[in-house]
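Asker: For reference, this is data_26.cif, and it has mmCIF, C-alpha atoms and all ligand atoms.
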```cif
data_target
loop_
_atom_site.group_PDB
_atom_site.id
_atom_site.type_symbol
_atom_site.label_atom_id
_atom_site.label_comp_id
_atom_site.auth_asym_id
_atom_site.auth_seq_id
_atom_site.Cartn_x
_atom_site.Cartn_y
_atom_site.Cartn_z
ATOM 1 C CA MET C 1 -1.061 28.016 -29.145
ATOM 2 C CA LEU C 2 2.465 28.648 -30.329
ATOM 3 C CA ALA C 3 4.659 30.821 -28.177
ATOM 4 C CA PRO C 4 6.606 33.540 -29.956
ATOM 5 C CA PRO C 5 10.285 32.606 -30.220
ATOM 6 C CA ALA C 6 11.194 35.693 -28.169
ATOM 7 C CA PHE C 7 9.695 33.995 -25.144
ATOM 8 C CA CYS C 8 11.909 30.959 -25.685
ATOM 9 C CA ASP C 9 15.027 33.108 -25.882
ATOM 10 C CA ALA C 10 14.171 35.075 -22.767
ATOM 11 C CA VAL C 11 13.161 32.013 -20.780
ATOM 12 C CA GLY C 12 16.283 30.162 -21.901
ATOM 13 C CA ARG C 13 18.509 33.070 -20.891
ATOM 14 C CA GLU C 14 16.877 33.297 -17.463
ATOM 15 C CA LEU C 15 17.235 29.568 -16.885
ATOM 16 C CA VAL C 16 20.912 29.768 -17.851
ATOM 17 C CA ARG C 17 21.373 32.713 -15.484
ATOM 18 C CA PHE C 18 19.651 30.779 -12.691
ATOM 19 C CA GLY C 19 21.716 27.694 -13.492
ATOM 20 C CA ARG C 20 24.960 29.649 -13.285
ATOM 21 C CA GLU C 21 23.939 31.094 -9.926
ATOM 22 C CA LEU C 22 23.183 27.619 -8.620
ATOM 23 C CA ALA C 23 26.489 26.309 -9.938
ATOM 24 C CA SER C 24 28.413 29.127 -8.291
ATOM 25 C CA GLU C 25 26.667 28.334 -5.019
ATOM 26 C CA GLY C 26 27.586 24.662 -5.300
ATOM 27 C CA ALA C 27 23.904 23.776 -5.235
ATOM 28 C CA ALA C 28 23.010 20.126 -4.836
ATOM 29 C CA GLN C 29 19.264 19.746 -5.137
ATOM 30 C CA VAL C 30 17.710 22.242 -2.765
ATOM 31 C CA GLY C 31 20.229 24.801 -1.590
ATOM 32 C CA GLY C 32 23.464 23.024 -0.821
ATOM 33 C CA ALA C 33 21.764 19.839 0.298
ATOM 34 C CA PHE C 34 20.466 16.669 -1.282
ATOM 35 C CA THR C 35 18.302 15.759 1.677
ATOM 36 C CA ASP C 36 17.161 17.304 4.929
ATOM 37 C CA VAL C 37 18.621 14.427 6.967
ATOM 38 C CA PRO C 38 22.093 15.830 7.766
ATOM 39 C CA ALA C 39 23.808 12.471 8.229
ATOM 40 C CA ALA C 40 22.271 11.190 4.997
ATOM 41 C CA ASP C 41 23.318 14.321 3.154
ATOM 42 C CA ALA C 42 26.856 13.952 4.451
ATOM 43 C CA LEU C 43 26.958 10.324 3.319
ATOM 44 C CA VAL C 44 25.816 11.108 -0.218
ATOM 45 C CA LYS C 45 28.429 13.856 -0.438
ATOM 46 C CA SER C 46 31.286 11.802 0.995
ATOM 47 C CA SER C 47 30.667 8.334 -0.422
ATOM 48 C CA PRO C 48 30.671 7.867 -4.211
ATOM 49 C CA GLU C 49 28.938 4.519 -3.754
ATOM 50 C CA ALA C 50 26.174 6.130 -1.658
ATOM 51 C CA PHE C 51 25.763 8.790 -4.336
ATOM 52 C CA LEU C 52 25.381 6.206 -7.063
ATOM 53 C CA LEU C 53 22.895 4.175 -5.033
ATOM 54 C CA ALA C 54 20.949 7.347 -4.215
ATOM 55 C CA VAL C 55 20.541 8.013 -7.923
ATOM 56 C CA LEU C 56 18.634 4.722 -8.114
ATOM 57 C CA PHE C 57 16.249 5.971 -5.435
ATOM 58 C CA THR C 58 15.348 9.189 -7.308
ATOM 59 C CA GLN C 59 12.162 7.894 -8.741
ATOM 60 C CA GLY C 60 8.560 8.586 -7.836
ATOM 61 C CA VAL C 61 9.281 9.898 -4.341
ATOM 62 C CA PRO C 62 10.184 13.344 -2.963
ATOM 63 C CA ALA C 63 13.782 14.230 -3.650
ATOM 64 C CA GLU C 64 14.751 14.514 0.020
ATOM 65 C CA ARG C 65 13.442 11.038 0.693
ATOM 66 C CA ALA C 66 15.213 9.590 -2.309
ATOM 67 C CA TRP C 67 18.623 11.001 -1.446
ATOM 68 C CA ALA C 68 18.294 9.764 2.143
ATOM 69 C CA GLY C 69 17.747 6.219 0.877
ATOM 70 C CA PRO C 70 21.308 4.822 1.087
ATOM 71 C CA TYR C 71 21.812 6.209 4.578
ATOM 72 C CA LEU C 72 18.534 4.795 5.868
ATOM 73 C CA LEU C 73 19.338 1.470 4.241
ATOM 74 C CA SER C 74 22.768 1.429 5.884
ATOM 75 C CA GLU C 75 21.165 2.173 9.236
ATOM 76 C CA ARG C 76 18.913 -0.844 8.900
ATOM 77 C CA LEU C 77 21.569 -3.170 7.544
ATOM 78 C CA GLY C 78 24.372 -1.912 9.743
ATOM 79 C CA HIS C 79 26.579 -1.471 6.682
ATOM 80 C CA LEU C 80 26.746 -0.318 3.086
ATOM 81 C CA ASP C 81 29.285 -2.923 2.067
ATOM 82 C CA LEU C 82 29.148 -3.619 -1.647
ATOM 83 C CA SER C 83 30.012 -7.319 -1.326
ATOM 84 C CA ARG C 84 27.223 -7.863 1.146
ATOM 85 C CA LEU C 85 24.765 -5.721 -0.795
ATOM 86 C CA ALA C 86 25.539 -7.837 -3.844
ATOM 87 C CA THR C 87 25.279 -11.256 -2.221
ATOM 88 C CA GLU C 88 22.842 -10.818 0.668
ATOM 89 C CA ARG C 89 19.927 -9.888 -1.550
ATOM 90 C CA GLU C 90 17.304 -11.218 0.820
ATOM 91 C CA SER C 91 18.618 -9.021 3.626
ATOM 92 C CA VAL C 92 18.599 -5.979 1.385
ATOM 93 C CA ASP C 93 15.023 -6.695 0.400
ATOM 94 C CA VAL C 94 13.918 -7.171 4.007
ATOM 95 C CA ALA C 95 15.631 -3.948 5.091
ATOM 96 C CA MET C 96 14.143 -2.021 2.192
ATOM 97 C CA CYS C 97 10.628 -3.331 2.803
ATOM 98 C CA ALA C 98 10.413 -3.144 6.602
ATOM 99 C CA ARG C 99 7.848 -0.575 7.649
ATOM 100 C CA PRO C 100 8.065 2.191 6.849
ATOM 101 C CA ALA C 101 9.421 1.005 3.516
ATOM 102 C CA LEU C 102 12.413 2.935 2.287
ATOM 103 C CA HIS C 103 10.921 3.406 -1.149
ATOM 104 C CA ARG C 104 7.622 3.345 -2.927
ATOM 105 C CA PHE C 105 8.940 0.596 -5.239
ATOM 106 C CA LYS C 106 10.595 -1.292 -2.425
ATOM 107 C CA HIS C 107 11.216 -4.713 -3.986
ATOM 108 C CA THR C 108 12.365 -3.240 -7.278
ATOM 109 C CA MET C 109 14.681 -0.822 -5.506
ATOM 110 C CA ALA C 110 16.190 -3.595 -3.404
ATOM 111 C CA GLY C 111 16.988 -5.529 -6.562
ATOM 112 C CA TRP C 112 18.511 -2.483 -8.220
ATOM 113 C CA VAL C 113 20.716 -1.813 -5.177
ATOM 114 C CA SER C 114 22.046 -5.375 -5.204
ATOM 115 C CA ASP C 115 22.560 -5.283 -8.968
ATOM 116 C CA ALA C 116 24.389 -1.953 -8.748
ATOM 117 C CA ALA C 117 26.674 -3.309 -6.041
ATOM 118 C CA THR C 118 27.423 -6.312 -8.237
ATOM 119 C CA ARG C 119 28.213 -4.123 -11.218
ATOM 120 C CA LEU C 120 30.449 -1.849 -9.161
ATOM 121 C CA LEU C 121 32.400 -4.862 -7.957
ATOM 122 C CA GLU C 122 32.642 -6.602 -11.312
ATOM 123 C CA CYS C 123 33.260 -3.607 -13.576
ATOM 124 C CA TYR C 124 34.651 -0.829 -11.387
ATOM 125 C CA GLN C 125 36.816 -2.527 -8.748
ATOM 126 C CA GLY C 126 34.240 -1.716 -6.096
ATOM 127 C CA ASP C 127 34.882 2.009 -6.409
ATOM 128 C CA ALA C 128 32.113 4.159 -7.853
ATOM 129 C CA ARG C 129 34.618 6.898 -8.654
ATOM 130 C CA ASN C 130 35.799 4.686 -11.474
ATOM 131 C CA VAL C 131 32.400 5.105 -13.120
ATOM 132 C CA TRP C 132 33.218 8.740 -13.802
ATOM 133 C CA ALA C 133 36.992 8.471 -13.973
ATOM 134 C CA GLY C 134 39.156 9.406 -16.955
ATOM 135 C CA GLU C 135 37.461 12.661 -17.944
ATOM 136 C CA PRO C 136 34.638 11.084 -19.916
ATOM 137 C CA THR C 137 32.583 13.116 -22.325
ATOM 138 C CA ALA C 138 29.074 13.946 -21.133
ATOM 139 C CA VAL C 139 27.711 11.329 -23.509
ATOM 140 C CA GLU C 140 30.154 8.664 -22.301
ATOM 141 C CA LEU C 141 29.336 9.435 -18.683
ATOM 142 C CA MET C 142 25.609 9.152 -19.262
ATOM 143 C CA GLU C 143 26.149 5.851 -21.050
ATOM 144 C CA ARG C 144 28.215 4.463 -18.183
ATOM 145 C CA LEU C 145 25.550 5.506 -15.677
ATOM 146 C CA ALA C 146 22.703 4.192 -17.780
ATOM 147 C CA ALA C 147 24.358 0.781 -17.910
ATOM 148 C CA PHE C 148 23.264 0.279 -14.293
ATOM 149 C CA ARG C 149 19.883 -1.375 -14.019
ATOM 150 C CA GLY C 150 17.479 1.237 -12.655
ATOM 151 C CA ILE C 151 19.247 4.208 -14.221
ATOM 152 C CA GLY C 152 17.653 5.329 -17.453
ATOM 153 C CA ARG C 153 18.559 8.321 -19.593
ATOM 154 C CA LYS C 154 16.671 10.669 -17.290
ATOM 155 C CA LYS C 155 18.526 9.712 -14.122
ATOM 156 C CA ALA C 156 21.781 9.508 -16.045
ATOM 157 C CA ALA C 157 21.382 13.088 -17.292
ATOM 158 C CA MET C 158 20.607 14.325 -13.790
ATOM 159 C CA ALA C 159 23.509 12.409 -12.237
ATOM 160 C CA ALA C 160 25.993 13.549 -14.878
ATOM 161 C CA GLU C 161 24.990 17.145 -14.261
ATOM 162 C CA LEU C 162 25.336 16.723 -10.494
ATOM 163 C CA LEU C 163 28.739 15.088 -10.818
ATOM 164 C CA SER C 164 29.985 17.918 -12.975
ATOM 165 C CA ARG C 165 28.356 20.835 -11.175
ATOM 166 C CA THR C 166 28.284 19.793 -7.535
ATOM 167 C CA PHE C 167 31.242 17.445 -7.258
ATOM 168 C CA GLY C 168 33.514 19.041 -9.825
ATOM 169 C CA VAL C 169 34.086 15.806 -11.729
ATOM 170 C CA PRO C 170 35.932 16.616 -14.967
ATOM 171 C CA VAL C 171 33.572 16.000 -17.847
ATOM 172 C CA ARG C 172 34.451 16.860 -21.443
ATOM 173 C CA GLU C 173 32.178 17.963 -24.237
ATOM 174 C CA LEU C 174 29.383 19.195 -21.999
ATOM 175 C CA GLN C 175 27.495 20.122 -25.130
ATOM 176 C CA GLY C 176 26.595 16.404 -25.242
ATOM 177 C CA GLY C 177 24.789 16.658 -21.902
ATOM 178 C CA THR C 178 21.108 17.342 -21.512
ATOM 179 C CA VAL C 179 18.277 17.900 -19.058
ATOM 180 C CA ALA C 180 16.429 15.057 -17.386
ATOM 181 C CA TYR C 181 13.121 14.360 -19.078
ATOM 182 C CA ASP C 182 11.171 14.430 -15.845
ATOM 183 C CA VAL C 183 7.780 15.765 -14.982
ATOM 184 C CA GLN C 184 8.969 19.069 -13.506
ATOM 185 C CA VAL C 185 11.198 19.887 -16.462
ATOM 186 C CA ARG C 186 8.479 18.891 -18.913
ATOM 187 C CA ARG C 187 5.841 21.065 -17.242
ATOM 188 C CA VAL C 188 8.073 24.137 -17.058
ATOM 189 C CA PHE C 189 9.257 23.783 -20.652
ATOM 190 C CA LEU C 190 5.673 23.447 -21.854
ATOM 191 C CA ARG C 191 4.240 26.335 -19.852
ATOM 192 C CA SER C 192 7.133 28.673 -20.537
ATOM 193 C CA GLY C 193 6.860 28.100 -24.267
ATOM 194 C CA MET C 194 10.265 26.449 -24.531
ATOM 195 C CA VAL C 195 8.487 23.594 -26.315
ATOM 196 C CA ASP C 196 5.064 23.022 -27.794
ATOM 197 C CA LEU C 197 5.335 19.241 -27.754
ATOM 198 C CA ASP C 198 6.013 17.144 -24.682
ATOM 199 C CA THR C 199 8.498 14.696 -26.108
ATOM 200 C CA ARG C 200 11.974 13.834 -24.946
ATOM 201 C CA ALA C 201 13.422 14.888 -28.280
ATOM 202 C CA GLU C 202 11.748 18.309 -28.154
ATOM 203 C CA ILE C 203 12.770 18.958 -24.549
ATOM 204 C CA GLU C 204 16.374 17.998 -25.267
ATOM 205 C CA ARG C 205 16.396 20.054 -28.471
ATOM 206 C CA ALA C 206 15.091 23.126 -26.626
ATOM 207 C CA ALA C 207 17.710 22.770 -23.880
ATOM 208 C CA ALA C 208 20.461 22.455 -26.479
ATOM 209 C CA GLU C 209 19.191 25.542 -28.317
ATOM 210 C CA ALA C 210 19.008 27.562 -25.109
ATOM 211 C CA PHE C 211 22.556 26.744 -24.059
ATOM 212 C CA PRO C 212 24.520 24.794 -26.666
ATOM 213 C CA GLU C 213 27.738 24.834 -24.624
ATOM 214 C CA ALA C 214 26.216 22.777 -21.805
ATOM 215 C CA PRO C 215 22.485 22.018 -22.062
ATOM 216 C CA GLY C 216 22.613 20.095 -18.785
ATOM 217 C CA LEU C 217 23.073 23.400 -16.960
ATOM 218 C CA LEU C 218 19.336 23.965 -17.408
ATOM 219 C CA ASP C 219 18.416 20.794 -15.537
ATOM 220 C CA LEU C 220 18.493 21.927 -11.916
ATOM 221 C CA PRO C 221 17.102 25.451 -12.424
ATOM 222 C CA THR C 222 14.199 24.103 -14.446
ATOM 223 C CA TRP C 223 13.514 21.359 -11.922
ATOM 224 C CA LEU C 224 13.536 23.911 -9.097
ATOM 225 C CA VAL C 225 11.136 26.213 -10.962
ATOM 226 C CA GLY C 226 8.782 23.262 -11.385
ATOM 227 C CA ARG C 227 9.069 22.175 -7.815
ATOM 228 C CA GLN C 228 8.854 25.576 -6.155
ATOM 229 C CA TRP C 229 6.439 27.543 -8.313
ATOM 230 C CA CYS C 230 5.120 25.797 -11.401
ATOM 231 C CA HIS C 231 2.896 23.329 -9.585
ATOM 232 C CA PRO C 232 0.493 21.111 -11.539
ATOM 233 C CA THR C 233 -2.403 23.081 -10.083
ATOM 234 C CA ARG C 234 -2.296 26.671 -8.833
ATOM 235 C CA PRO C 235 1.123 27.650 -10.182
ATOM 236 C CA GLN C 236 2.622 30.595 -8.311
ATOM 237 C CA CYS C 237 3.485 32.698 -11.321
ATOM 238 C CA GLY C 238 3.816 35.916 -9.364
ATOM 239 C CA GLU C 239 6.622 34.553 -7.225
ATOM 240 C CA CYS C 240 8.250 32.465 -9.934
ATOM 241 C CA ARG C 241 11.829 32.984 -11.014
ATOM 242 C CA LEU C 242 10.559 33.134 -14.594
ATOM 243 C CA ALA C 243 7.765 35.606 -13.795
ATOM 244 C CA ASP C 244 9.126 38.392 -15.990
ATOM 245 C CA VAL C 245 9.818 36.295 -19.070
ATOM 246 C CA CYS C 246 7.356 33.393 -19.060
ATOM 247 C CA PRO C 247 4.236 33.551 -21.272
ATOM 248 C CA ARG C 248 2.447 31.622 -18.501
ATOM 249 C CA LEU C 249 0.801 28.976 -20.618
ATOM 250 C CA VAL C 250 -0.629 27.462 -17.452
ATOM 251 C CA GLU C 251 -3.389 25.611 -19.272
ATOM 252 C CA ARG C 252 -0.704 23.246 -20.508
ATOM 253 C CA SER C 253 -0.231 20.100 -18.443
ATOM 254 C CA VAL C 254 1.968 17.057 -18.541
ATOM 255 C CA LYS C 255 0.210 13.832 -19.344
ATOM 256 C CA GLY C 256 1.247 10.356 -18.285
ATOM 257 C CA VAL C 257 2.297 8.456 -15.195
ATOM 258 C CA GLY C 258 4.776 11.046 -14.017
ATOM 259 C CA ALA C 259 2.137 13.739 -14.241
ATOM 260 C CA ARG C 260 -0.280 11.814 -12.050
ATOM 261 C CA ARG C 261 2.430 11.318 -9.455
ATOM 262 C CA ALA C 262 3.288 14.990 -9.466
ATOM 263 C CA ALA C 263 -0.356 15.962 -9.098
ATOM 264 C CA ALA C 264 -0.613 13.679 -6.077
ATOM 265 C CA ALA C 265 2.639 14.957 -4.600
ATOM 266 C CA PRO C 266 3.725 18.328 -6.006
ATOM 267 C CA ASP C 267 6.984 17.906 -4.167
ATOM 268 C CA SER C 268 7.740 14.838 -6.224
ATOM 269 C CA GLY C 269 11.311 14.035 -7.104
ATOM 270 C CA ARG C 270 12.530 12.654 -10.420
ATOM 271 C CA GLY C 271 10.033 10.229 -11.937
ATOM 272 C CA ALA C 272 10.329 6.908 -13.675
ATOM 273 C CA SER C 273 13.295 6.286 -15.916
HETATM 274 S S1 LIG L 301 4.921 29.192 -12.481
HETATM 275 FE FE1 LIG L 301 4.026 30.516 -14.045
HETATM 276 S S2 LIG L 301 5.689 31.945 -14.568
HETATM 277 FE FE2 LIG L 301 6.646 30.159 -13.571
HETATM 278 S S3 LIG L 301 7.181 28.719 -15.188
HETATM 279 FE FE3 LIG L 301 5.139 28.142 -14.456
HETATM 280 S S4 LIG L 301 3.719 29.203 -15.854
HETATM 281 FE FE4 LIG L 301 5.733 30.214 -16.048
#
```
Would you mind giving the structure from this file in structure tokens?
Answerer:
Amino acid sequence: MLAPPAFCDAVGRELVRFGRELASEGAAQVGGAFTDVPAADALVKSSPEAFLLAVLFTQGVPAERAWAGPYLLSERLGHLDLSRLATERESVDVAMCARPALHRFKHTMAGWVSDAATRLLECYQGDARNVWAGEPTAVELMERLAAFRGIGRKKAAMAAELLSRTFGVPVRELQGGTVAYDVQVRRVFLRSGMVDLDTRAEIERAAAEAFPEAPGLLDLPTWLVGRQWCHPTRPQCGECRLADVCPRLVERSVKGVGARRAAAAPDSGRGAS
């Protein structure tokens, strides 16, 4: 069933409005926080290296758990020193995997953390701020982020948007940004008639059409709509932010690995890169 274009326009406008509200509030992920562990939230906000490492964690686990990852790892290791993270790979793996494991993909995540530390030391003088230094364009920033093993286009889009919106990092040509192609965004775009096909190209095209100046602005509001109301089963359309504009195509579902994860854990964070 094809949604009338009017729905797309109205949904796009409401998502932009929601996105602007979130930006004005300095929203991180949920409210002003990345995670409900205060010390972990403070670390992600104060340490560029912790932020970058946390981006690696945002995969297949609830967002709060993902963003707490670097802090919990530092608690177990007694440090978050890049040189040691890069060279003491066995220790990182042991700390990541000790019960309860710090991530669903514990061995993979440990390797990504050590690789990221190595890259930060070799390419960015051990300072993650250099990754986003020099007022890069949105495209350049996503490319720099995606050069880290464990950060694909999806995480790169999310991180670029967070750096710009939440941390005020100067980013040029925001029209080159986009939304993360994750399960929440896909479900909301499908059900709200923003797209009829669940492909990365279609999702990114729809975001760019809705807000050509900065398509990435739609990322967080759409993710929040998916997480809070547009659940895989029993969506809460009556309470939804898009209630007045959405055609409620709730029979539409997201297929694939990410969809199964979301069905198992509706609170799921960003899925696989
Ligand atoms: S919860 Fe309902 S109203 Fe909200 S985006 Fe999903 S289908 Fe649309």
Asker: Give me, as a list in words, all polymer residues having an atom no more than 6 Å from segment 243-258 of chain C, counting only C-alpha atoms and skipping those fewer than 6 positions away in the same chain.
Answerer: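 Counting only the stated atoms, we get Ala10, Val11, Val183, Arg187, Arg191, Ser192, Cys237 and Gly271 of chain C.
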Asker: Counting all atoms listed in the file, which of C:Lys45, C:His103, C:Arg165, C:His79 gets nearest to Glu25 of chain C?
Answerer: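 Of the candidates, the smallest distance to Glu25 of chain C is held by C:Arg165.
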Asker: Once the PyMOL selection byres (((chain C and resi 229-232) around 9) and not hetatm) is applied to the coordinates I shared, what remains selected? I want it as a ChimeraX atom specification.
Answerer: /C:184,187-188,191,224-228,233-241,250,253-254,259,262-263,266-267
Asker: Which residues are near segment 200-211 of chain C? Cut-off 9 Å, all atoms listed in the file, ignore same chain within fewer than 3 positions. Put them as number ranges by chain.
Answerer: C: 8-9, 11-13, 15-16, 175-181, 185-186, 189-190, 194-197, 214-219
Asker: So the first atom is atom CA of Gly152 of chain C and the second is atom CA of Arg119 of chain C; what is the distance between them in Å, to one decimal place?
Answerer: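 Interatomic distance here is 15.5 Å.
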Asker: Running the PyMOL selection byres (((chain C and resi 34) around 10) and not hetatm) on this model by hand, what would come out? Give it as a PDB file with C-alpha atoms, in the coordinates of the input.
Answerer:
```pdb
ATOM      1  CA  ALA C  27      23.904  23.776  -5.235  1.00  0.00           C
ATOM      2  CA  ALA C  28      23.010  20.126  -4.836  1.00  0.00           C
ATOM      3  CA  GLN C  29      19.264  19.746  -5.137  1.00  0.00           C
ATOM      4  CA  VAL C  30      17.710  22.242  -2.765  1.00  0.00           C
ATOM      5  CA  GLY C  31      20.229  24.801  -1.590  1.00  0.00           C
ATOM      6  CA  GLY C  32      23.464  23.024  -0.821  1.00  0.00           C
ATOM      7  CA  ALA C  33      21.764  19.839   0.298  1.00  0.00           C
ATOM      8  CA  THR C  35      18.302  15.759   1.677  1.00  0.00           C
ATOM      9  CA  ASP C  36      17.161  17.304   4.929  1.00  0.00           C
ATOM     10  CA  VAL C  37      18.621  14.427   6.967  1.00  0.00           C
ATOM     11  CA  PRO C  38      22.093  15.830   7.766  1.00  0.00           C
ATOM     12  CA  ALA C  40      22.271  11.190   4.997  1.00  0.00           C
ATOM     13  CA  ASP C  41      23.318  14.321   3.154  1.00  0.00           C
ATOM     14  CA  ALA C  42      26.856  13.952   4.451  1.00  0.00           C
ATOM     15  CA  VAL C  44      25.816  11.108  -0.218  1.00  0.00           C
ATOM     16  CA  LYS C  45      28.429  13.856  -0.438  1.00  0.00           C
ATOM     17  CA  PHE C  51      25.763   8.790  -4.336  1.00  0.00           C
ATOM     18  CA  ALA C  54      20.949   7.347  -4.215  1.00  0.00           C
ATOM     19  CA  ALA C  63      13.782  14.230  -3.650  1.00  0.00           C
ATOM     20  CA  GLU C  64      14.751  14.514   0.020  1.00  0.00           C
ATOM     21  CA  ARG C  65      13.442  11.038   0.693  1.00  0.00           C
ATOM     22  CA  ALA C  66      15.213   9.590  -2.309  1.00  0.00           C
ATOM     23  CA  TRP C  67      18.623  11.001  -1.446  1.00  0.00           C
ATOM     24  CA  ALA C  68      18.294   9.764   2.143  1.00  0.00           C
TER      25      ALA C  68
END
```
Asker: Quick one: of C:Cys123, C:Gly150, C:Gly26, C:Cys97, who's nearest to Leu163 of chain C, counting only C-alpha atoms?
Answerer: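 For Leu163 of chain C, the nearest of the candidates is C:Gly26.
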Asker: Counting all atoms listed in the file, which residues have an atom no more than 9 Å from (32.3, 9.6, -14.7) in the file's coordinates? Please list them as a compact mmCIF listing (two decimals) with C-alpha atoms, keeping the file's coordinate frame.
Answerer:
```txt
# COMPACT_ATOMS: atom_id res chain seq x y z
CA ALA C 128 32.11 4.16 -7.85
CA ARG C 129 34.62 6.90 -8.65
CA ASN C 130 35.80 4.69 -11.47
CA VAL C 131 32.40 5.11 -13.12
CA TRP C 132 33.22 8.74 -13.80
CA ALA C 133 36.99 8.47 -13.97
CA GLY C 134 39.16 9.41 -16.95
CA GLU C 135 37.46 12.66 -17.94
CA PRO C 136 34.64 11.08 -19.92
CA THR C 137 32.58 13.12 -22.32
CA ALA C 138 29.07 13.95 -21.13
CA GLU C 140 30.15 8.66 -22.30
CA LEU C 141 29.34 9.44 -18.68
CA MET C 142 25.61 9.15 -19.26
CA ARG C 144 28.22 4.46 -18.18
CA LEU C 145 25.55 5.51 -15.68
CA ALA C 160 25.99 13.55 -14.88
CA LEU C 163 28.74 15.09 -10.82
CA SER C 164 29.98 17.92 -12.98
CA VAL C 169 34.09 15.81 -11.73
CA PRO C 170 35.93 16.62 -14.97
CA VAL C 171 33.57 16.00 -17.85
```
Asker: When you look at Pro70 of chain C with a cut-off of 10 Å (counting only C-alpha atoms), what residues show up, excluding the ones that are within fewer than 5 positions of it in the same chain? I need them as a VMD selection string.
Answerer: chain C and resid 40 to 41 43 to 44 49 to 57 75 to 76 79 to 80 96 102 113
Asker: Ranking C:Gln59, C:Ala39, C:Ala116, C:Gly19 by minimum distance to Arg84 of chain C and counting all atoms listed in the file, which one comes first?
Answerer: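 Of the candidates, the smallest distance to Arg84 of chain C is held by C:Ala116.
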Asker: Could you please determine the separation between atom S4 of ligand LIG 301 (chain L) and atom CA of Ser24 of chain C in Å, to one decimal place?
Answerer: 25.8 Å
Asker: Measuring between only C-alpha atoms, which one of C:Ala101, C:Ala159, C:Leu73, C:Leu85 shows the shortest distance to Ala146 of chain C?
Answerer: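 For Ala146 of chain C, the nearest of the given residues is C:Ala159.
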Asker: Provide the atom CA of Val61 of chain C to atom CA of Ser74 of chain C distance in Å, to one decimal place.
Answerer: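 The value is 18.9 Å.
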Asker: With all atoms listed in the file as the basis for distance, which of C:Thr166, C:Asp198, C:Arg149, C:Ala23 is at the shortest distance from Ala110 of chain C?
Answerer: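 Ranked by minimum distance to Ala110 of chain C, first place goes to C:Arg149.
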Asker: Check which residues satisfy the PyMOL selection byres (((chain C and resi 89) around 12) and not hetatm) in the file shown, then give them as a ChimeraX atom specification.
Answerer: /C:77,82-88,90-96,107-118
Asker: In terms of the shortest atom-to-atom distance over only C-alpha atoms and all ligand atoms, which of C:Asp127, C:Gly193, C:Lys154, C:Leu220 is closest to ligand LIG 301 (chain L)?
Answerer: C:Gly193
Asker: Kindly output segment 231-243 of chain C as a tab-separated table (two decimals), in the frame of the given file, after building N, CA and C atoms.
Answerer:
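Below is the file that was written, rebuild-v9.tsv:
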```tsv
chain	number	residue	atom	x	y	z
C	231	HIS	N	3.59	24.52	-10.04
C	231	HIS	CA	2.90	23.33	-9.59
C	231	HIS	C	1.84	22.88	-10.60
C	232	PRO	N	1.50	21.60	-10.58
C	232	PRO	CA	0.49	21.11	-11.54
C	232	PRO	C	-0.80	21.91	-11.47
C	233	THR	N	-1.24	22.21	-10.26
C	233	THR	CA	-2.40	23.08	-10.08
C	233	THR	C	-1.95	24.30	-9.29
C	234	ARG	N	-2.60	25.41	-9.51
C	234	ARG	CA	-2.30	26.67	-8.83
C	234	ARG	C	-0.81	27.05	-8.89
C	235	PRO	N	-0.27	27.19	-10.08
C	235	PRO	CA	1.12	27.65	-10.18
C	235	PRO	C	1.26	29.05	-9.59
C	236	GLN	N	2.39	29.30	-8.97
C	236	GLN	CA	2.62	30.60	-8.31
C	236	GLN	C	3.43	31.50	-9.24
C	237	CYS	N	2.77	31.94	-10.29
C	237	CYS	CA	3.48	32.70	-11.32
C	237	CYS	C	4.06	34.01	-10.78
C	238	GLY	N	3.35	34.64	-9.87
C	238	GLY	CA	3.82	35.92	-9.36
C	238	GLY	C	5.15	35.83	-8.65
C	239	GLU	N	5.38	34.71	-7.99
C	239	GLU	CA	6.62	34.55	-7.22
C	239	GLU	C	7.70	33.84	-8.02
C	240	CYS	N	7.36	33.36	-9.18
C	240	CYS	CA	8.25	32.47	-9.93
C	240	CYS	C	9.51	33.18	-10.44
C	241	ARG	N	10.57	32.45	-10.49
C	241	ARG	CA	11.83	32.98	-11.01
C	241	ARG	C	11.66	33.43	-12.47
C	242	LEU	N	10.76	32.81	-13.19
C	242	LEU	CA	10.56	33.13	-14.59
C	242	LEU	C	9.43	34.14	-14.81
C	243	ALA	N	8.96	34.76	-13.73
C	243	ALA	CA	7.76	35.61	-13.80
C	243	ALA	C	7.85	36.67	-14.88
```
